[in-house]
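Heads up, the thing below is written out as structure tokens.
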Amino acid sequence: MRWSCRVWRTDLDCLASKTMSVATPTETGGSVGGADGGYPRRLLITVIGGLIVFSSSMTIVSASLPTMADDLDSTESFLSWAVTGLFLVMAVGTPVLGRLGDIHGHRRLFLIGSIVLSVGTILCGLAPTAATFVGARMIVGLGIAATMPNAMALIMEAYPPARRSEAMGWFQMAMTGAPVLGLIVGGPLIEAFGWRVVFAVLAPISFVGAAAAWKVIKPSGPGRRVAIDWWGAASLGISTLAFLLFLERASAAGFVDPLALSLAAVSVVGLVVFITVERRATVPMLRLDYFRRPNFTGPLIAQPLSQFAYMGAFLIAPLLLDELFGYSVGVIAIVLLARPLMYSVSSPVGGRLASTLGERSMIITGSVLMVLSMLAWVFAAHWINLPLILIGLVLSGLAMGLASPSYATTIAAAVDDGDMGIANAMGTTMMNIGMLTGIQTMFVVLGDGRQPDDFALVFAFGGLVTAFGLIGGLMVTSSKTAAVRHRAPSGV
């Protein structure tokens, strides 16, 4: 193996050129790229291009809900399901579609998801009513549920284990930078031409991305020819959906509301059924023995707990800036840009450091920085101090940027090659659960309070929850050691 980079080449070119000259495994046990050393770079760029439409539209939709509500003769409360519903579909669908990618080929599922995403984007722009717009966003969520886990699996297969963290760093940079760019570009477009123009621009870009993926991503055969564990998929989906609906209901009606308690009970029963089914299944949807591997379970603990504070605090922050500082919406948007910008810029750095210092160090660092960001916001709220607000935003963005590449690569190294789709899907699902739990729970903790110490209490709570994520980080061992240790045939 020989690595070389000329000083005038870009980091991304350098990243691709460091790919091992030996063949890397695919779903079929063959190789991706073969002697084509530039293929991993083209794949990474193509995958990012296929997903950037979704990520750039997230902030635009959230920021445009009042405008959409007026135009579609609806309410912001109902249209918020364009965001909530999308995440519900993603949380439920991602494990199933990630598993289907393991069985039928990650390229095939990525292409199908790209087409669904493109169609959903068109339907969003053409939606005549609020209900059809929410439905179109759920179709987008289905497309992302197919593309996201399989995109990550394609990247893992194209890059050797030693370079995966760097590749995922660039992937995370694009996924977090696109919403910032979308807000900057989309805001003026909406003011000038209305909200539909955004989807008119994004739809053709999405189709181009799907066409590029069809051309660039090399064909690969299916994985193990086994029947999917539909009972396991159904029980996991019901448990996840019931839990997320429980959070939605509890935040509105209280955690002792009868319907909320019923949904919580359904979630628990669904989880018990899922575990029972997986123990008895000949070919389970998700092998339960993976949870005994620290490098699989550790990130599944650390990432959602960091996302709990990250997303919860991010949606509480605008209220704080409005209530305590009296800032306008435009000023608030500018202040909050510091966080996703830091997330985006630091992601490649996190990937590079993970390759040298190890994923364990970066995951622990991310959890510590997230706790410190919550602490900065505690004092910022108590003292009504803007510099501390900015420090908190920067620290939280830095926390996720440095740690995010390591979450995915550590999980992927802990499972067999044929289970990368479902493994990435579980990571994505747990991340979404952490995000939605943080949003709902931290708003419940805030309640109707709008005094400085009310906000300080919320951020202290977020920091306490994130601190438990250190347990997951401390569980992680060297991913390279784990990769060697766990690659033996499973017999499943």
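Starting from 1 in every chain, residues are counted up; chains themselves are A, B, ... following the order of the structure tokens, and ligands are numbered from 1 as listed.
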Write out as a VMD selection string the set of residues from stretch 128-262 of chain A that DSSP, computed on the backbone, places in helix (DSSP H, G or I). chain A and resid 130 to 158 161 to 193 196 to 216 230 to 253 258 to 262
* Asked: Can you list, as a list in words, every protein, DNA or RNA residue that comes within 12 Å of A:Ala456 when you count only C-alpha atoms, leaving out same-chain residues fewer than 5 positions away?
  -> Ala313, Ile316, Ala317, Leu320, Leu324, Met374, Leu375, Ala376, Trp377, Val378, Phe379, Ala380, Ala381, His382, Trp383, Ile384, Asn385, Ile389, Met442, Val445, Leu446, Gly449, Arg450, Gln451, Phe461, Gly462 and Gly463 of chain A
Restricting to only C-alpha atoms, whichever of A:Ala192, A:Ile60, A:Leu369, A:Leu43 is closest to A:Lys215 is A:Leu43
Of A:Val277, A:Met370, A:Met430, A:Leu126, the one nearest to A:Phe459 when counting only C-alpha atoms is A:Met370
